Amino acid sequence: MNAESRPGTITFFHLKEFEGKTIEDFLLFYHQSSSNRSRLIQSRALEISHRPVRDLHAILQKGDTITIHLPPGEVDHVPSETPCQAVYEDDYIFVAHKEPGMIIHGDPDDTSCLAAEAAAYQLEHNIHAPVRYIHRLDRETTGLVLFVKNPFFQPWYDAMLEEKKISRHYLAITRGSAMPGQKFTFRGKIGRDRHVNGKYRISDTGKEAETIVRCLQKKKGYLLMACTLKTGRTHQIRVHLSSAHFPIVNDPLYGTPSVHFRHMGLWAEEMILKDPLTGEQITVHDLSDPDYQFFTLEATSR
């Protein structure tokens with residue numbers, strides 16, 4: 001399947017996998033809600049081969065195209081003076097680099113958050129759409145954040161994250177005792193710490209959580225750990241590593257201070273996802289981080 005995007009419309013063609021299926025099957029594939037499906041019909045915003053669709057049970061035939069007319073969209077966040085750094089972009093998404101100490105989204109007039117930088121980026125690149133991120137990172141975490149450029153695809157990316165079909169891989173710098181190549185699986189449930197506001201802990205009554213960890217290198221008392229999230233709980237990697245006696249350096253809540261590194265040692269360095277049309281795998285790596293040059297480049301290979 002392929003698509004062509006123009007201002008206000010997107011047209012899908014080469015729909016072989018949907019031949020003989022209904023237009024509703026197509027919309028459900030992209031996780032469009034019942035209200036969205038009804039709105040497309042009622043507003044005559046949906047066409048099969050340039051003919052308005054009046055019935056969601058209309059059958060797609062060989063050679064058909066699907067055109068969706070999108071409502072006018074504009075950037076809906078106050079922009080910062082400086083746009084974010086996009087490390088990957090295609091017709092439907094861009095992946096931005098987040099600096100440590102920055103929150104993803106603040107108050108509507110907050111120009112210091114990543115959403116404000118994304119707004120500036122969209123204005124600079126004529127992306128006429130609301131600012132929509134698919135996931136968050138903790139304030140002190142460095143790394144990749146996914147934004148959607150075309151609102152039609154947001155429910156699909158939301159579903160891919162929920163279904164664990166977007167992989168996010170982190171590097172962590174910790175203290176502790178482990179050998180290179182050693183692997184760990186942490187499944188402690190995570191809940192709020194009732195005694196410290198904004199802090200989380202391992203709790204039998206918490207939410208299910210799973211983190212896969214592998215020690216990549218040990219150097220001068222520090223460990224470089226590769227971490228893969230299987231769930232997405234708040235502070236998950238930080239809590240799991242701390243509870244296993246691998247405190248992250250310069251983590252103000254769970255870690256240990258270190259003068260050898262500039263920031264908290266947690267970096268969302270790699271993201272793996274699929275193209276919403278072709279299904280092809282997309283692998284995105286973040287900008288280089290000087291803190292991790294403490295370890296050899298070979299050590300970061302997964």
# chains A, B, ... in the order shown; residues from 1 in each chain; ligands from 1
$ select_by_dssp --residues "region 116-283 of chain A" --states "helix (DSSP H, G or I)" --output "list in words"
Ala116, Glu117, Ala118, Ala119, Ala120, Tyr121, Gln122, Leu123, Glu124, Pro151, Phe152, Phe153, Gln154, Pro155, Trp156, Tyr157, Asp158, Ala159, Met160, Leu161, Glu162, Gln236, Ile237, Arg238, Val239, His240, Leu241, Ser242 and Ser243 of chain A
$ residues_around --residues "Pro100 (chain A)" --least-positions-apart "2" --cutoff "9 Å" --atoms "only C-alpha atoms" --output "PyMOL selection string"
chain A and resi 98+102-103+138-143+263-264
$ residues_around --residues "Tyr157 (chain A)" --least-positions-apart "3" --cutoff "12 Å" --atoms "only C-alpha atoms" --output "MDAnalysis selection string"
chainID A and resid 29:32 92:93 132:135 146:154 160:166 273:277
$ select_by_dssp --residues "region 120-160 of chain A" --states "strand (DSSP E)" --output "list of chain:residue names"
A:Arg132, A:Tyr133, A:Thr142, A:Gly143, A:Leu144, A:Val145, A:Leu146, A:Phe147, A:Val148
$ residues_around --residues "Ser177 (chain A)" --least-positions-apart "5" --cutoff "9 Å" --atoms "only C-alpha atoms" --output "list in words"
Lys218, Gly221, Tyr222, Leu223, His245 and Phe246 of chain A
$ write_last_selection --atoms "all heavy atoms" --output "PDB file, in the first residue's frame"
ATOM      1  N   LYS A 218      31.850  -2.685  31.800  1.00  0.00           N
ATOM      2  CA  LYS A 218      32.202  -2.253  33.147  1.00  0.00           C
ATOM      3  C   LYS A 218      33.507  -1.477  33.063  1.00  0.00           C
ATOM      4  O   LYS A 218      34.480  -1.937  32.464  1.00  0.00           O
ATOM      5  CB  LYS A 218      32.370  -3.474  34.050  1.00  0.00           C
ATOM      6  CG  LYS A 218      32.663  -3.158  35.502  1.00  0.00           C
ATOM      7  CD  LYS A 218      32.687  -4.444  36.325  1.00  0.00           C
ATOM      8  CE  LYS A 218      32.893  -4.159  37.799  1.00  0.00           C
ATOM      9  NZ  LYS A 218      32.872  -5.405  38.600  1.00  0.00           N
ATOM     10  N   GLY A 221      34.423   1.232  37.885  1.00  0.00           N
ATOM     11  CA  GLY A 221      33.354   1.218  38.870  1.00  0.00           C
ATOM     12  C   GLY A 221      31.983   1.568  38.334  1.00  0.00           C
ATOM     13  O   GLY A 221      31.004   1.589  39.098  1.00  0.00           O
ATOM     14  N   TYR A 222      31.896   1.842  37.037  1.00  0.00           N
ATOM     15  CA  TYR A 222      30.607   2.164  36.411  1.00  0.00           C
ATOM     16  C   TYR A 222      30.209   1.051  35.446  1.00  0.00           C
ATOM     17  O   TYR A 222      31.054   0.391  34.834  1.00  0.00           O
ATOM     18  CB  TYR A 222      30.685   3.488  35.643  1.00  0.00           C
ATOM     19  CG  TYR A 222      30.922   4.688  36.528  1.00  0.00           C
ATOM     20  CD1 TYR A 222      32.198   5.263  36.623  1.00  0.00           C
ATOM     21  CD2 TYR A 222      29.880   5.255  37.253  1.00  0.00           C
ATOM     22  CE1 TYR A 222      32.423   6.369  37.432  1.00  0.00           C
ATOM     23  CE2 TYR A 222      30.102   6.364  38.069  1.00  0.00           C
ATOM     24  CZ  TYR A 222      31.362   6.910  38.147  1.00  0.00           C
ATOM     25  OH  TYR A 222      31.602   8.005  38.955  1.00  0.00           O
ATOM     26  N   LEU A 223      28.900   0.883  35.296  1.00  0.00           N
ATOM     27  CA  LEU A 223      28.354  -0.095  34.359  1.00  0.00           C
ATOM     28  C   LEU A 223      27.580   0.623  33.260  1.00  0.00           C
ATOM     29  O   LEU A 223      26.877   1.603  33.521  1.00  0.00           O
ATOM     30  CB  LEU A 223      27.409  -1.060  35.080  1.00  0.00           C
ATOM     31  CG  LEU A 223      27.964  -1.860  36.257  1.00  0.00           C
ATOM     32  CD1 LEU A 223      26.837  -2.631  36.917  1.00  0.00           C
ATOM     33  CD2 LEU A 223      29.078  -2.796  35.815  1.00  0.00           C
ATOM     34  N   HIS A 245      19.924  -2.771  42.996  1.00  0.00           N
ATOM     35  CA  HIS A 245      21.246  -2.286  43.415  1.00  0.00           C
ATOM     36  C   HIS A 245      22.107  -1.876  42.224  1.00  0.00           C
ATOM     37  O   HIS A 245      23.328  -2.035  42.247  1.00  0.00           O
ATOM     38  CB  HIS A 245      21.960  -3.329  44.289  1.00  0.00           C
ATOM     39  CG  HIS A 245      21.130  -3.806  45.438  1.00  0.00           C
ATOM     40  ND1 HIS A 245      20.797  -3.002  46.515  1.00  0.00           N
ATOM     41  CD2 HIS A 245      20.531  -5.010  45.670  1.00  0.00           C
ATOM     42  CE1 HIS A 245      20.043  -3.678  47.364  1.00  0.00           C
ATOM     43  NE2 HIS A 245      19.866  -4.902  46.880  1.00  0.00           N
ATOM     44  N   PHE A 246      21.463  -1.313  41.199  1.00  0.00           N
ATOM     45  CA  PHE A 246      22.152  -0.688  40.071  1.00  0.00           C
ATOM     46  C   PHE A 246      21.687   0.761  39.955  1.00  0.00           C
ATOM     47  O   PHE A 246      21.032   1.143  38.977  1.00  0.00           O
ATOM     48  CB  PHE A 246      21.865  -1.430  38.765  1.00  0.00           C
ATOM     49  CG  PHE A 246      22.321  -2.857  38.730  1.00  0.00           C
ATOM     50  CD1 PHE A 246      21.416  -3.894  38.548  1.00  0.00           C
ATOM     51  CD2 PHE A 246      23.665  -3.184  38.862  1.00  0.00           C
ATOM     52  CE1 PHE A 246      21.824  -5.204  38.502  1.00  0.00           C
ATOM     53  CE2 PHE A 246      24.097  -4.501  38.826  1.00  0.00           C
ATOM     54  CZ  PHE A 246      23.172  -5.519  38.652  1.00  0.00           C
TER      55      PHE A 246
END
$ closest_residue --among "A:Ile104, A:Gln236, A:Lys16, A:Gln281" --to "Phe186 (chain A)" --atoms "only C-alpha atoms"
A:Gln236
$ atom_distance --atom1 "CA of Cys113 (chain A)" --atom2 "CA of Asp193 (chain A)"
26.3 Å
$ residues_around --residues "Lys230 (chain A)" --least-positions-apart "5" --cutoff "8 Å" --atoms "only C-alpha atoms" --output "mmCIF file with all heavy atoms, in the first residue's frame"
data_model
loop_
_atom_site.group_PDB
_atom_site.id
_atom_site.type_symbol
_atom_site.label_atom_id
_atom_site.label_comp_id
_atom_site.auth_asym_id
_atom_site.auth_seq_id
_atom_site.Cartn_x
_atom_site.Cartn_y
_atom_site.Cartn_z
ATOM 1 N N LYS A 164 2.808 -2.761 22.165
ATOM 2 C CA LYS A 164 4.247 -3.027 22.303
ATOM 3 C C LYS A 164 4.910 -3.302 20.953
ATOM 4 O O LYS A 164 5.846 -4.091 20.853
ATOM 5 C CB LYS A 164 4.491 -4.195 23.272
ATOM 6 C CG LYS A 164 3.860 -3.987 24.637
ATOM 7 C CD LYS A 164 4.007 -5.194 25.536
ATOM 8 C CE LYS A 164 3.243 -4.999 26.835
ATOM 9 N NZ LYS A 164 3.299 -6.181 27.716
ATOM 10 N N ALA A 209 5.014 -4.530 35.532
ATOM 11 C CA ALA A 209 6.102 -3.862 34.822
ATOM 12 C C ALA A 209 7.180 -4.879 34.483
ATOM 13 O O ALA A 209 7.421 -5.814 35.248
ATOM 14 C CB ALA A 209 6.683 -2.727 35.667
ATOM 15 N N GLU A 210 7.814 -4.678 33.340
ATOM 16 C CA GLU A 210 8.887 -5.594 32.939
ATOM 17 C C GLU A 210 9.964 -4.817 32.185
ATOM 18 O O GLU A 210 9.671 -4.080 31.245
ATOM 19 C CB GLU A 210 8.357 -6.727 32.058
ATOM 20 C CG GLU A 210 9.439 -7.731 31.666
ATOM 21 C CD GLU A 210 8.899 -8.907 30.871
ATOM 22 O OE1 GLU A 210 7.662 -8.978 30.679
ATOM 23 O OE2 GLU A 210 9.715 -9.756 30.439
ATOM 24 N N THR A 211 11.202 -5.001 32.612
ATOM 25 C CA THR A 211 12.357 -4.376 31.979
ATOM 26 C C THR A 211 13.421 -5.441 31.730
ATOM 27 O O THR A 211 13.768 -6.191 32.638
ATOM 28 C CB THR A 211 12.963 -3.262 32.865
ATOM 29 O OG1 THR A 211 11.929 -2.360 33.268
ATOM 30 C CG2 THR A 211 14.034 -2.498 32.110
ATOM 31 N N ILE A 212 13.925 -5.489 30.505
ATOM 32 C CA ILE A 212 15.008 -6.401 30.141
ATOM 33 C C ILE A 212 16.309 -5.614 30.140
ATOM 34 O O ILE A 212 16.403 -4.554 29.507
ATOM 35 C CB ILE A 212 14.773 -7.026 28.751
ATOM 36 C CG1 ILE A 212 13.380 -7.644 28.655
ATOM 37 C CG2 ILE A 212 15.856 -8.064 28.446
ATOM 38 C CD1 ILE A 212 13.106 -8.738 29.641
#
$ atom_distance --atom1 "CA of Lys62 (chain A)" --atom2 "CA of Asp25 (chain A)"
15.4 Å
$ residues_around --residues "Ala172 (chain A)" --least-positions-apart "6" --cutoff "8 Å" --atoms "only C-alpha atoms" --output "PyMOL selection string"
chain A and resi 223-227+248+265-267
$ atom_distance --atom1 "CA of Ile282 (chain A)" --atom2 "CA of Thr67 (chain A)"
25.3 Å
$ closest_residue --among "A:Glu269, A:Asp251, A:Glu47, A:Glu74" --to "Ile10 (chain A)" --atoms "only C-alpha atoms"
A:Glu47
$ closest_residue --among "A:Ala3, A:Ala58, A:Thr9, A:Ala118" --to "Thr22 (chain A)" --atoms "only C-alpha atoms"
A:Ala58
$ decode --residues "region 71-85 of chain A" --atoms "N, CA and C atoms" --output "short mmCIF file (atom, residue, chain, number, x, y, z; two decimals), in the first residue's frame"
data_model
loop_
_atom_site.label_atom_id
_atom_site.label_comp_id
_atom_site.auth_asym_id
_atom_site.auth_seq_id
_atom_site.Cartn_x
_atom_site.Cartn_y
_atom_site.Cartn_z
N PRO A 71 -9.83 17.70 8.19
CA PRO A 71 -10.23 19.05 8.60
C PRO A 71 -9.01 19.94 8.74
N PRO A 72 -9.18 21.25 8.53
CA PRO A 72 -8.03 22.16 8.66
C PRO A 72 -7.38 22.02 10.03
N GLY A 73 -6.07 21.96 10.04
CA GLY A 73 -5.35 21.82 11.30
C GLY A 73 -4.24 22.85 11.40
N GLU A 74 -3.99 23.30 12.60
CA GLU A 74 -2.93 24.26 12.84
C GLU A 74 -2.19 23.90 14.11
N VAL A 75 -0.99 24.41 14.23
CA VAL A 75 -0.19 24.22 15.44
C VAL A 75 -0.96 24.81 16.63
N ASP A 76 -1.13 24.03 17.68
CA ASP A 76 -1.98 24.43 18.81
C ASP A 76 -1.20 24.65 20.10
N HIS A 77 0.10 24.91 19.98
CA HIS A 77 0.92 25.19 21.17
C HIS A 77 1.77 26.42 20.88
N VAL A 78 1.95 27.24 21.89
CA VAL A 78 2.82 28.40 21.74
C VAL A 78 4.23 27.93 21.41
N PRO A 79 4.84 28.44 20.31
CA PRO A 79 6.16 27.95 19.93
C PRO A 79 7.28 28.59 20.74
N SER A 80 8.36 27.86 20.87
CA SER A 80 9.58 28.42 21.47
C SER A 80 10.33 29.21 20.41
N GLU A 81 11.37 29.89 20.82
CA GLU A 81 12.19 30.63 19.86
C GLU A 81 13.03 29.67 19.02
N THR A 82 13.37 28.52 19.61
CA THR A 82 14.25 27.57 18.94
C THR A 82 13.50 26.28 18.66
N PRO A 83 13.50 25.79 17.42
CA PRO A 83 12.82 24.52 17.13
C PRO A 83 13.59 23.33 17.68
N CYS A 84 12.90 22.23 17.88
CA CYS A 84 13.56 21.00 18.32
C CYS A 84 14.46 20.47 17.22
N GLN A 85 15.34 19.57 17.61
CA GLN A 85 16.19 18.87 16.64
C GLN A 85 15.51 17.57 16.25
#
